[in-house]
>>> print(open('coords20.pdb').read())   # PDB, C-alpha atoms
ATOM      1  CA  MET A  83     -97.452-173.616   9.806
ATOM      2  CA  THR A  84     -96.661-176.134  12.527
ATOM      3  CA  ARG A  85     -97.221-174.685  15.981
ATOM      4  CA  TYR A  86     -94.560-175.942  18.392
ATOM      5  CA  CYS A  87     -95.231-173.476  21.236
ATOM      6  CA  ALA A  88     -91.728-174.293  22.505
ATOM      7  CA  ILE A  89     -90.057-172.531  25.413
ATOM      8  CA  PRO A  90     -86.333-172.262  26.316
ATOM      9  CA  PRO A  91     -85.234-174.634  29.101
ATOM     10  CA  VAL A  92     -84.263-171.742  31.406
ATOM     11  CA  ASN A  93     -85.741-168.275  31.905
ATOM     12  CA  GLN A  94     -84.291-165.880  29.323
ATOM     13  CA  HIS A  95     -84.789-162.888  31.622
ATOM     14  CA  ALA A  96     -82.410-164.298  34.209
ATOM     15  CA  THR A  97     -79.973-166.171  31.963
ATOM     16  CA  GLU A  98     -78.041-165.755  28.760
ATOM     17  CA  ILE A  99     -76.048-168.056  26.531
ATOM     18  CA  GLY A 100     -72.385-168.261  27.469
ATOM     19  CA  ARG A 101     -70.964-170.514  24.753
ATOM     20  CA  GLY A 102     -72.599-171.882  21.641
ATOM     21  CA  PHE A 103     -71.701-174.879  19.483
ATOM     22  CA  GLY A 104     -68.263-174.872  17.876
ATOM     23  CA  VAL A 105     -64.521-174.898  18.452
ATOM     24  CA  GLY A 106     -62.680-172.516  20.746
ATOM     25  CA  TRP A 107     -59.713-172.285  23.067
ATOM     26  CA  ASN A 108     -60.288-173.905  26.455
ATOM     27  CA  ARG A 109     -57.304-172.875  28.572
ATOM     28  CA  SER A 110     -58.564-174.070  31.953
ATOM     29  CA  ARG A 111     -59.078-177.704  30.940
ATOM     30  CA  THR A 112     -57.228-178.954  27.902
ATOM     31  CA  ARG A 113     -55.014-176.034  26.835
ATOM     32  CA  MET A 114     -55.961-176.705  23.237
ATOM     33  CA  ASP A 115     -58.829-175.960  20.895
ATOM     34  CA  GLN A 116     -61.874-177.952  21.908
ATOM     35  CA  LEU A 117     -65.307-178.649  20.507
ATOM     36  CA  HIS A 118     -68.132-177.332  22.628
ATOM     37  CA  ALA A 119     -71.051-179.476  21.460
ATOM     38  CA  GLY A 120     -74.009-177.550  22.857
ATOM     39  CA  PHE A 121     -75.272-174.370  24.487
ATOM     40  CA  ASP A 122     -74.126-173.244  27.916
ATOM     41  CA  PHE A 123     -76.819-171.199  29.649
ATOM     42  CA  LYS A 124     -75.341-168.898  32.310
ATOM     43  CA  ALA A 125     -77.788-169.548  35.136
ATOM     44  CA  GLY A 126     -77.303-169.571  38.893
ATOM     45  CA  SER A 127     -77.505-172.759  40.943
ATOM     46  CA  GLY A 128     -81.118-173.730  41.670
ATOM     47  CA  THR A 129     -82.563-172.099  38.536
ATOM     48  CA  PRO A 130     -85.446-174.294  37.258
ATOM     49  CA  ILE A 131     -84.911-176.284  34.054
ATOM     50  CA  ILE A 132     -88.079-177.118  32.124
ATOM     51  CA  ALA A 133     -88.814-179.232  29.061
ATOM     52  CA  PRO A 134     -88.821-177.030  25.928
ATOM     53  CA  ILE A 135     -91.169-179.355  24.006
ATOM     54  CA  ASP A 136     -92.938-182.671  24.609
ATOM     55  CA  GLY A 137     -90.769-185.774  24.827
ATOM     56  CA  VAL A 138     -90.036-189.069  26.539
ATOM     57  CA  VAL A 139     -87.181-189.633  28.984
ATOM     58  CA  SER A 140     -84.592-191.711  27.121
ATOM     59  CA  TRP A 141     -81.612-191.615  29.505
ATOM     60  CA  THR A 142     -80.723-190.571  33.040
ATOM     61  CA  ALA A 143     -77.442-190.538  34.922
ATOM     62  CA  THR A 144     -76.236-189.225  38.250
ATOM     63  CA  ASP A 145     -73.092-187.660  39.583
ATOM     64  CA  ALA A 146     -72.336-190.965  41.322
ATOM     65  CA  GLN A 147     -73.332-193.246  38.399
ATOM     66  CA  PRO A 148     -72.542-191.560  35.065
ATOM     67  CA  ARG A 149     -73.425-194.652  32.914
ATOM     68  CA  GLY A 150     -71.394-193.527  29.903
ATOM     69  CA  THR A 151     -71.902-189.785  30.325
ATOM     70  CA  SER A 152     -68.946-189.015  32.564
ATOM     71  CA  GLY A 153     -68.426-185.280  32.979
ATOM     72  CA  PHE A 154     -72.141-184.454  32.731
ATOM     73  CA  GLY A 155     -72.949-185.080  36.399
ATOM     74  CA  ASN A 156     -76.661-185.353  37.138
ATOM     75  CA  MET A 157     -78.331-185.356  33.733
ATOM     76  CA  VAL A 158     -81.448-186.275  31.771
ATOM     77  CA  ALA A 159     -81.987-186.875  28.045
ATOM     78  CA  LEU A 160     -85.321-186.666  26.225
ATOM     79  CA  ARG A 161     -86.389-188.263  22.940
ATOM     80  CA  HIS A 162     -88.552-186.058  20.720
ATOM     81  CA  ASP A 163     -90.615-187.656  17.963
ATOM     82  CA  VAL A 164     -91.831-184.357  16.524
ATOM     83  CA  THR A 165     -90.604-183.229  13.092
ATOM     84  CA  VAL A 166     -88.509-180.051  13.272
ATOM     85  CA  PRO A 167     -86.909-178.561  10.116
ATOM     86  CA  GLY A 168     -83.208-179.382   9.906
ATOM     87  CA  LEU A 169     -83.279-182.240  12.439
ATOM     88  CA  PRO A 170     -83.722-186.028  12.185
ATOM     89  CA  THR A 171     -86.829-187.671  13.613
ATOM     90  CA  PRO A 172     -86.520-188.588  16.388
ATOM     91  CA  PHE A 173     -83.873-186.350  17.925
ATOM     92  CA  PHE A 174     -82.660-186.068  21.509
ATOM     93  CA  THR A 175     -81.996-183.211  23.926
ATOM     94  CA  SER A 176     -79.955-183.428  27.128
ATOM     95  CA  TYR A 177     -79.773-181.337  30.304
ATOM     96  CA  ASN A 178     -76.512-181.636  32.189
ATOM     97  CA  HIS A 179     -74.648-180.688  35.418
ATOM     98  CA  MET A 180     -77.908-180.502  37.389
ATOM     99  CA  ARG A 181     -77.721-179.750  41.111
ATOM    100  CA  ALA A 182     -79.385-183.043  42.119
ATOM    101  CA  PRO A 183     -80.573-186.226  40.374
ATOM    102  CA  SER A 184     -83.823-185.664  38.487
ATOM    103  CA  ALA A 185     -87.053-187.273  39.650
ATOM    104  CA  LEU A 186     -87.766-188.304  36.034
ATOM    105  CA  VAL A 187     -87.339-191.946  35.000
ATOM    106  CA  VAL A 188     -86.628-193.588  31.631
ATOM    107  CA  GLY A 189     -89.821-194.094  29.633
ATOM    108  CA  GLN A 190     -91.727-191.301  31.373
ATOM    109  CA  ALA A 191     -93.646-188.911  29.130
ATOM    110  CA  VAL A 192     -92.728-185.260  29.628
ATOM    111  CA  ARG A 193     -94.873-182.328  28.537
ATOM    112  CA  LYS A 194     -93.605-178.917  27.493
ATOM    113  CA  GLY A 195     -93.067-176.848  30.641
ATOM    114  CA  ASP A 196     -92.622-179.834  32.985
ATOM    115  CA  LEU A 197     -89.777-179.598  35.485
ATOM    116  CA  ILE A 198     -86.635-181.527  34.534
ATOM    117  CA  GLY A 199     -84.413-180.415  37.414
ATOM    118  CA  TYR A 200     -82.379-177.491  38.702
ATOM    119  CA  VAL A 201     -79.176-175.900  37.442
ATOM    120  CA  GLY A 202     -76.019-177.018  39.237
ATOM    121  CA  ASN A 203     -72.350-177.797  38.663
ATOM    122  CA  THR A 204     -72.045-181.591  39.055
ATOM    123  CA  THR A 205     -69.439-183.183  36.760
ATOM    124  CA  ASN A 206     -68.682-186.651  38.234
ATOM    125  CA  GLY A 207     -65.641-185.050  39.870
ATOM    126  CA  GLN A 208     -63.947-184.310  36.529
ATOM    127  CA  PHE A 209     -63.981-180.501  36.574
ATOM    128  CA  ARG A 210     -63.747-179.521  40.216
ATOM    129  CA  GLY A 211     -64.682-175.943  40.969
ATOM    130  CA  MET A 212     -66.630-175.444  37.732
ATOM    131  CA  GLY A 213     -69.390-172.859  38.140
ATOM    132  CA  ALA A 214     -73.093-173.634  37.865
ATOM    133  CA  HIS A 215     -74.642-173.572  34.389
ATOM    134  CA  LEU A 216     -76.907-175.606  32.120
ATOM    135  CA  HIS A 217     -75.067-177.467  29.363
ATOM    136  CA  PHE A 218     -77.796-178.202  26.781
ATOM    137  CA  GLU A 219     -77.211-180.543  23.846
ATOM    138  CA  VAL A 220     -79.111-181.764  20.783
ATOM    139  CA  ARG A 221     -78.201-185.246  19.500
ATOM    140  CA  ARG A 222     -79.124-187.491  16.631
ATOM    141  CA  ARG A 223     -78.674-190.651  18.733
ATOM    142  CA  ASN A 224     -79.484-191.557  22.318
ATOM    143  CA  TYR A 225     -76.757-192.056  24.914
ATOM    144  CA  PRO A 226     -74.200-193.481  25.058
ATOM    145  CA  SER A 227     -73.034-191.871  21.835
ATOM    146  CA  SER A 228     -70.239-189.760  20.412
ATOM    147  CA  TYR A 229     -69.742-186.256  21.790
ATOM    148  CA  ASP A 230     -68.550-184.899  18.457
ATOM    149  CA  ARG A 231     -70.105-187.101  15.744
ATOM    150  CA  ASP A 232     -73.636-187.356  17.180
ATOM    151  CA  THR A 233     -74.190-183.806  18.406
ATOM    152  CA  ILE A 234     -76.039-181.120  16.429
ATOM    153  CA  ASP A 235     -75.813-177.359  16.855
ATOM    154  CA  PRO A 236     -78.754-176.402  19.135
ATOM    155  CA  ALA A 237     -79.181-173.252  17.040
ATOM    156  CA  VAL A 238     -80.691-175.532  14.358
ATOM    157  CA  LEU A 239     -83.321-176.732  16.829
ATOM    158  CA  TRP A 240     -84.272-173.259  18.020
ATOM    159  CA  ARG A 241     -84.424-171.856  14.512
ATOM    160  CA  GLY A 242     -86.736-174.711  13.500
ATOM    161  CA  LEU A 243     -88.929-174.074  16.551
ATOM    162  CA  GLY A 244     -89.386-170.411  15.653
ATOM    163  CA  TYR A 245     -86.748-168.778  17.841
ATOM    164  CA  GLU A 246     -83.926-166.379  17.044
ATOM    165  CA  TRP A 247     -80.657-166.308  18.938
ATOM    166  CA  THR A 248     -80.388-162.555  19.455
ATOM    167  CA  ASP A 249     -77.483-160.289  20.498
ATOM    168  CA  ASN A 250     -74.781-162.934  20.081
ATOM    169  CA  ARG A 251     -71.248-162.328  18.835
ATOM    170  CA  GLN A 252     -68.643-164.397  17.021
ATOM    171  CA  GLU A 253     -65.588-165.665  18.902
ATOM    172  CA  ALA A 254     -63.340-168.200  17.195
ATOM    173  CA  GLU A 255     -65.603-170.765  15.503
ATOM    174  CA  ARG A 256     -68.626-170.362  17.757
ATOM    175  CA  LEU A 257     -71.149-167.734  18.786
ATOM    176  CA  VAL A 258     -71.360-166.567  22.382
ATOM    177  CA  GLY A 259     -73.683-164.372  24.450
ATOM    178  CA  GLY A 260     -77.244-163.257  23.793
ATOM    179  CA  ARG A 261     -80.539-165.008  24.455
ATOM    180  CA  LEU A 262     -83.328-166.887  22.696
ATOM    181  CA  LEU A 263     -86.456-164.954  21.718
ATOM    182  CA  ALA A 264     -89.500-166.311  19.909
ATOM    183  CA  VAL A 265     -90.291-164.666  16.597
ATOM    184  CA  ARG A 266     -93.583-162.811  16.942
ATOM    185  CA  GLY A 267     -96.219-164.603  14.872
ATOM    186  CA  GLY A 268     -93.860-167.578  14.405
ATOM    187  CA  ALA A 269     -94.052-171.260  15.247
ATOM    188  CA  SER A 270     -93.679-170.739  19.010
ATOM    189  CA  ASP A 271     -95.808-167.603  19.373
ATOM    190  CA  CYS A 272     -98.617-169.502  21.091
ATOM    191  CA  ASP A 273     -99.525-167.605  24.248
ATOM    192  CA  GLY A 274    -103.101-166.963  23.196
ATOM    193  CA  ALA A 275    -104.985-164.512  25.382
ATOM    194  CA  VAL A 276    -101.871-162.960  26.931
ATOM    195  CA  ALA A 277    -100.349-162.384  23.515
ATOM    196  CA  GLY A 278    -103.604-160.887  22.322
ATOM    197  CA  LEU A 279    -103.725-158.522  25.294
ATOM    198  CA  ALA A 280    -100.181-157.384  24.571
ATOM    199  CA  GLY A 281    -101.121-156.779  20.954
ATOM    200  CA  LEU A 282    -104.209-154.774  21.842
ATOM    201  CA  ALA A 283    -102.180-152.744  24.317
ATOM    202  CA  GLY A 284     -99.696-151.970  21.540
ATOM    203  CA  MET A 285     -96.617-152.355  23.699
ATOM    204  CA  GLY A 286     -95.203-149.034  22.467
ATOM    205  CA  THR A 287     -98.109-147.047  23.946
ATOM    206  CA  PHE A 288     -99.064-149.228  26.904
ATOM    207  CA  THR A 289     -99.622-147.204  30.092
ATOM    208  CA  CYS A 290     -99.185-148.761  33.512
ATOM    209  CA  LEU A 291    -102.194-147.702  35.570
ATOM    210  CA  GLY A 292    -100.516-148.687  38.839
ATOM    211  CA  GLY A 293     -97.773-146.079  38.682
ATOM    212  CA  PRO A 294     -94.012-146.520  38.968
ATOM    213  CA  SER A 295     -94.197-149.020  41.840
ATOM    214  CA  CYS A 296     -96.722-151.351  40.198
ATOM    215  CA  PRO A 297     -95.338-154.949  40.368
ATOM    216  CA  CYS A 298     -97.334-156.320  37.432
ATOM    217  CA  PRO A 299     -95.205-157.777  34.585
ATOM    218  CA  MET A 300     -96.462-155.284  31.989
ATOM    219  CA  CYS A 301     -95.462-152.346  34.196
ATOM    220  CA  ALA A 302     -92.088-153.882  34.881
ATOM    221  CA  TYR A 303     -91.614-154.260  31.146
ATOM    222  CA  ARG A 304     -92.377-150.601  30.539
ATOM    223  CA  ARG A 305     -89.921-149.604  33.284
ATOM    224  CA  GLY A 306     -87.250-151.645  31.557
ATOM    225  CA  THR A 307     -86.584-153.886  34.533
ATOM    226  CA  LEU A 308     -87.240-157.057  32.568
ATOM    227  CA  GLY A 309     -85.151-156.156  29.548
ATOM    228  CA  ALA A 310     -86.141-154.566  26.268
ATOM    229  CA  VAL A 311     -87.194-156.680  23.303
ATOM    230  CA  ALA A 312     -86.685-155.567  19.740
ATOM    231  CA  PRO A 313     -89.785-155.292  17.519
ATOM    232  CA  GLY A 314     -90.639-158.558  15.841
ATOM    233  CA  TYR A 315     -89.725-160.783  18.789
ATOM    234  CA  LYS A 316     -91.885-162.280  21.504
ATOM    235  CA  ASP A 317     -92.209-160.308  24.703
ATOM    236  CA  PRO A 318     -90.586-162.596  27.324
ATOM    237  CA  VAL A 319     -93.029-161.355  29.984
ATOM    238  CA  GLU A 320     -95.523-163.814  28.534
ATOM    239  CA  LYS A 321     -93.300-166.788  29.428
ATOM    240  CA  GLN A 322     -92.552-166.014  33.064
ATOM    241  CA  GLY A 323     -95.183-168.226  34.697
ATOM    242  CA  ALA A 324     -93.761-171.410  33.186
ATOM    243  CA  TYR A 325     -90.557-170.961  35.190
ATOM    244  CA  ASN A 326     -91.801-169.153  38.288
ATOM    245  CA  LYS A 327     -94.004-172.012  39.479
ATOM    246  CA  TYR A 328     -90.865-174.103  40.080
ATOM    247  CA  GLY A 329     -88.802-171.491  41.896
ATOM    248  CA  THR A 330     -86.554-168.511  41.264
ATOM    249  CA  SER A 331     -84.321-168.090  38.227
ATOM    250  CA  THR A 332     -81.049-166.326  38.974
ATOM    251  CA  VAL A 333     -78.342-164.733  36.884
ATOM    252  CA  GLY A 334     -75.223-166.846  36.399
ATOM    253  CA  GLN A 335     -71.587-166.080  35.642
ATOM    254  CA  ASP A 336     -69.664-167.151  32.571
ATOM    255  CA  VAL A 337     -68.204-170.516  33.555
ATOM    256  CA  GLU A 338     -65.038-170.483  31.477
ATOM    257  CA  PRO A 339     -64.100-167.172  29.902
ATOM    258  CA  PRO A 340     -62.753-168.162  26.469
ATOM    259  CA  ASP A 341     -59.211-167.374  25.401
ATOM    260  CA  TYR A 342     -58.608-167.759  21.682
ATOM    261  CA  ALA A 343     -54.885-167.038  21.632
ATOM    262  CA  SER A 344     -54.077-170.305  19.879
ATOM    263  CA  LYS A 345     -55.686-172.869  17.610
ATOM    264  CA  GLN A 346     -54.967-176.582  17.509
ATOM    265  CA  THR A 347     -56.830-179.737  16.524
ATOM    266  CA  PRO A 348     -60.415-179.897  17.874
ATOM    267  CA  GLN A 349     -60.944-182.599  20.492
ATOM    268  CA  GLY A 350     -63.903-184.090  22.341
ATOM    269  CA  GLY A 351     -65.095-181.870  25.126
ATOM    270  CA  GLU A 352     -67.396-181.573  28.061
ATOM    271  CA  GLY A 353     -68.664-185.101  28.515
ATOM    272  CA  GLY A 354     -70.039-188.172  26.798
ATOM    273  CA  THR A 355     -67.878-190.332  24.563
ATOM    274  CA  SER A 356     -65.720-189.227  21.685
ATOM    275  CA  GLY A 357     -63.324-190.749  19.174
ATOM    276  CA  GLY A 358     -60.995-187.757  19.463
ATOM    277  CA  GLY A 359     -59.399-188.850  22.743
ATOM    278  CA  ALA A 360     -58.642-192.335  21.421
ATOM    279  CA  GLY A 361     -56.980-190.934  18.319
ATOM    280  CA  LEU A 362     -54.802-188.640  20.400
ATOM    281  CA  ALA A 363     -53.740-191.554  22.598
ATOM    282  CA  ILE A 364     -52.696-193.594  19.545
ATOM    283  CA  VAL A 365     -50.629-190.729  18.148
ATOM    284  CA  GLY A 366     -48.964-190.218  21.521
ATOM    285  CA  ALA A 367     -48.105-193.896  21.861
ATOM    286  CA  ALA A 368     -46.598-193.949  18.368
ATOM    287  CA  ALA A 369     -44.435-190.940  19.179
ATOM    288  CA  LEU A 370     -43.138-192.527  22.386
ATOM    289  CA  PHE A 371     -42.334-195.745  20.542
ATOM    290  CA  ALA A 372     -40.386-193.806  17.892
ATOM    291  CA  VAL A 373     -38.326-192.012  20.548
ATOM    292  CA  TYR A 374     -37.599-195.318  22.313
ATOM    293  CA  ALA A 375     -36.524-196.951  19.027
ATOM    294  CA  LEU A 376     -34.086-194.108  18.238
ATOM    295  CA  ARG A 377     -32.535-194.263  21.689
ATOM    296  CA  SER A 378     -32.102-198.027  21.432
ATOM    297  CA  ARG A 379     -29.911-197.817  18.326
TER     298      ARG A 379
END
>>> encode(input="coords20.pdb", output="structure tokens")
Amino acid sequence: MTRYCAIPPVNQHATEIGRGFGVGWNRSRTRMDQLHAGFDFKAGSGTPIIAPIDGVVSWTATDAQPRGTSGFGNMVALRHDVTVPGLPTPFFTSYNHMRAPSALVVGQAVRKGDLIGYVGNTTNGQFRGMGAHLHFEVRRRNYPSSYDRDTIDPAVLWRGLGYEWTDNRQEAERLVGGRLLAVRGGASDCDGAVAGLAGLAGMGTFTCLGGPSCPCPMCAYRRGTLGAVAPGYKDPVEKQGAYNKYGTSTVGQDVEPPDYASKQTPQGGEGGTSGGGAGLAIVGAAALFAVYALRSR
């Protein structure tokens, strides 16, 4: 089995997935059904974003200079040359709406766990007042590319890397909620000595020697303050250090509570380029011309 040892881009103790990939009603922006072409992680502003796997920086843009990624604000894309089941080789991941421009530059090699930036709500001024979150995408082509035709459901990536999207629920044509947990013994269960210690302790019978006030991660796990993990999944305690060295991860709010009261034609969504908007413009122009022709008779 290939060992990817991947890690989610934001701490899964302090964040959860707001919206997954798929079509749903977006009342606050377009008032029509809209494709959401990635994962939204509900994380507070300033939460560290780290590289999930090794890659090379393939694209950067800022809130002031979007360079074909308008709506994404400060963002970075990585090219990954690793082979992951269900994805082309190479494939690309992007990290969007960051609080400030990333220090990474195009062509720079990035290792798993390296800092990409911090969660924010920059959108090139398109969606004023939007809350902080990480919009994470997987693409088959580098930017600039199509928002709808070139994006891939990130669930395919995480499944291939040995993760399960747990505790989600279906709303309209996309899943929402929950978090990513590594499958114990799977392709990203690579924490070595820490994992072995947890196994020897037999998490179900582990006793915290420091008492109820002990701050160690294992004790916090037993007290339930870090969230319970179902048997068969990786204990998230083992991943904490990768995020903590870059700062504090904070809980975020759902950015746009979905309302699925109506369904219309899916359109391009949060950023990037899409053929959907052009098609809609053509249809609208044709309709206006028809009305003008009738009135001219």
>>> closest_residue(input="coords20.pdb", among="A:Thr97, A:Ser227, A:Ser184, A:Gln208", to="Phe123 of chain A", atoms="only C-alpha atoms")
A:Thr97
>>> resolve_selection(input="coords20.pdb", expression="the PyMOL selection byres ((chain A and resi 249-255) around 6)", output="list in words")
Gly104, Val105, Gly106, Thr248, Arg256, Leu257, Val258, Gly259 and Gly260 of chain A
>>> write_last_selection(input="coords20.pdb", atoms="C-alpha atoms", output="PDB file, keeping the file's coordinate frame")
ATOM      1  CA  GLY A 104     -68.263-174.872  17.876  1.00  0.00           C
ATOM      2  CA  VAL A 105     -64.521-174.898  18.452  1.00  0.00           C
ATOM      3  CA  GLY A 106     -62.680-172.516  20.746  1.00  0.00           C
ATOM      4  CA  THR A 248     -80.388-162.555  19.455  1.00  0.00           C
ATOM      5  CA  ARG A 256     -68.626-170.362  17.757  1.00  0.00           C
ATOM      6  CA  LEU A 257     -71.149-167.734  18.786  1.00  0.00           C
ATOM      7  CA  VAL A 258     -71.360-166.567  22.382  1.00  0.00           C
ATOM      8  CA  GLY A 259     -73.683-164.372  24.450  1.00  0.00           C
ATOM      9  CA  GLY A 260     -77.244-163.257  23.793  1.00  0.00           C
TER      10      GLY A 260
END
>>> atom_distance(input="coords20.pdb", atom1="atom CA of Thr171 of chain A", atom2="atom CA of Leu243 of chain A")
14.1 Å
>>> resolve_selection(input="coords20.pdb", expression="the PyMOL selection byres ((chain A and resi 155-161) around 7)", output="PDB file with C-alpha atoms, in the coordinates of the input")
ATOM      1  CA  GLY A 137     -90.769-185.774  24.827  1.00  0.00           C
ATOM      2  CA  VAL A 138     -90.036-189.069  26.539  1.00  0.00           C
ATOM      3  CA  VAL A 139     -87.181-189.633  28.984  1.00  0.00           C
ATOM      4  CA  SER A 140     -84.592-191.711  27.121  1.00  0.00           C
ATOM      5  CA  TRP A 141     -81.612-191.615  29.505  1.00  0.00           C
ATOM      6  CA  THR A 142     -80.723-190.571  33.040  1.00  0.00           C
ATOM      7  CA  ALA A 143     -77.442-190.538  34.922  1.00  0.00           C
ATOM      8  CA  THR A 144     -76.236-189.225  38.250  1.00  0.00           C
ATOM      9  CA  ASP A 145     -73.092-187.660  39.583  1.00  0.00           C
ATOM     10  CA  PRO A 148     -72.542-191.560  35.065  1.00  0.00           C
ATOM     11  CA  SER A 152     -68.946-189.015  32.564  1.00  0.00           C
ATOM     12  CA  GLY A 153     -68.426-185.280  32.979  1.00  0.00           C
ATOM     13  CA  PHE A 154     -72.141-184.454  32.731  1.00  0.00           C
ATOM     14  CA  HIS A 162     -88.552-186.058  20.720  1.00  0.00           C
ATOM     15  CA  ASP A 163     -90.615-187.656  17.963  1.00  0.00           C
ATOM     16  CA  PRO A 172     -86.520-188.588  16.388  1.00  0.00           C
ATOM     17  CA  PHE A 173     -83.873-186.350  17.925  1.00  0.00           C
ATOM     18  CA  PHE A 174     -82.660-186.068  21.509  1.00  0.00           C
ATOM     19  CA  THR A 175     -81.996-183.211  23.926  1.00  0.00           C
ATOM     20  CA  SER A 176     -79.955-183.428  27.128  1.00  0.00           C
ATOM     21  CA  TYR A 177     -79.773-181.337  30.304  1.00  0.00           C
ATOM     22  CA  ASN A 178     -76.512-181.636  32.189  1.00  0.00           C
ATOM     23  CA  HIS A 179     -74.648-180.688  35.418  1.00  0.00           C
ATOM     24  CA  MET A 180     -77.908-180.502  37.389  1.00  0.00           C
ATOM     25  CA  ARG A 181     -77.721-179.750  41.111  1.00  0.00           C
ATOM     26  CA  ALA A 182     -79.385-183.043  42.119  1.00  0.00           C
ATOM     27  CA  PRO A 183     -80.573-186.226  40.374  1.00  0.00           C
ATOM     28  CA  THR A 204     -72.045-181.591  39.055  1.00  0.00           C
ATOM     29  CA  THR A 205     -69.439-183.183  36.760  1.00  0.00           C
ATOM     30  CA  ASN A 206     -68.682-186.651  38.234  1.00  0.00           C
TER      31      ASN A 206
END
>>> closest_residue(input="coords20.pdb", among="A:Glu98, A:Asp336, A:Glu219, A:Asp273", to="Glu320 of chain A", atoms="all atoms listed in the file")
A:Asp273
>>> atom_distance(input="coords20.pdb", atom1="atom CA of Val337 of chain A", atom2="atom CA of Gly213 of chain A")
5.3 Å
>>> atom_distance(input="coords20.pdb", atom1="atom CA of Trp240 of chain A", atom2="atom CA of Met212 of chain A")
26.5 Å
>>> residues_around(input="coords20.pdb", residues="Phe103 of chain A", least_positions_apart="2", cutoff="8 Å", atoms="only C-alpha atoms", output="ChimeraX atom specification")
/A:101,105,117-121,235-236,256-257
>>> resolve_selection(input="coords20.pdb", expression="the PyMOL selection byres ((chain A and resi 323-331) around 12)", output="VMD selection string")
chain A and resid 88 to 98 123 to 134 193 to 201 215 273 276 299 318 to 322 332 to 334
>>> closest_residue(input="coords20.pdb", among="A:Glu246, A:Val220, A:Arg261, A:Cys87", to="Pro170 of chain A", atoms="all atoms listed in the file")
A:Val220
>>> closest_residue(input="coords20.pdb", among="A:Ala146, A:Val265, A:Ala237, A:Ala191", to="Phe218 of chain A", atoms="all atoms listed in the file")
A:Ala237
>>> closest_residue(input="coords20.pdb", among="A:Gln116, A:Pro167, A:Gly102, A:Asp122", to="Asn203 of chain A", atoms="only C-alpha atoms")
A:Asp122
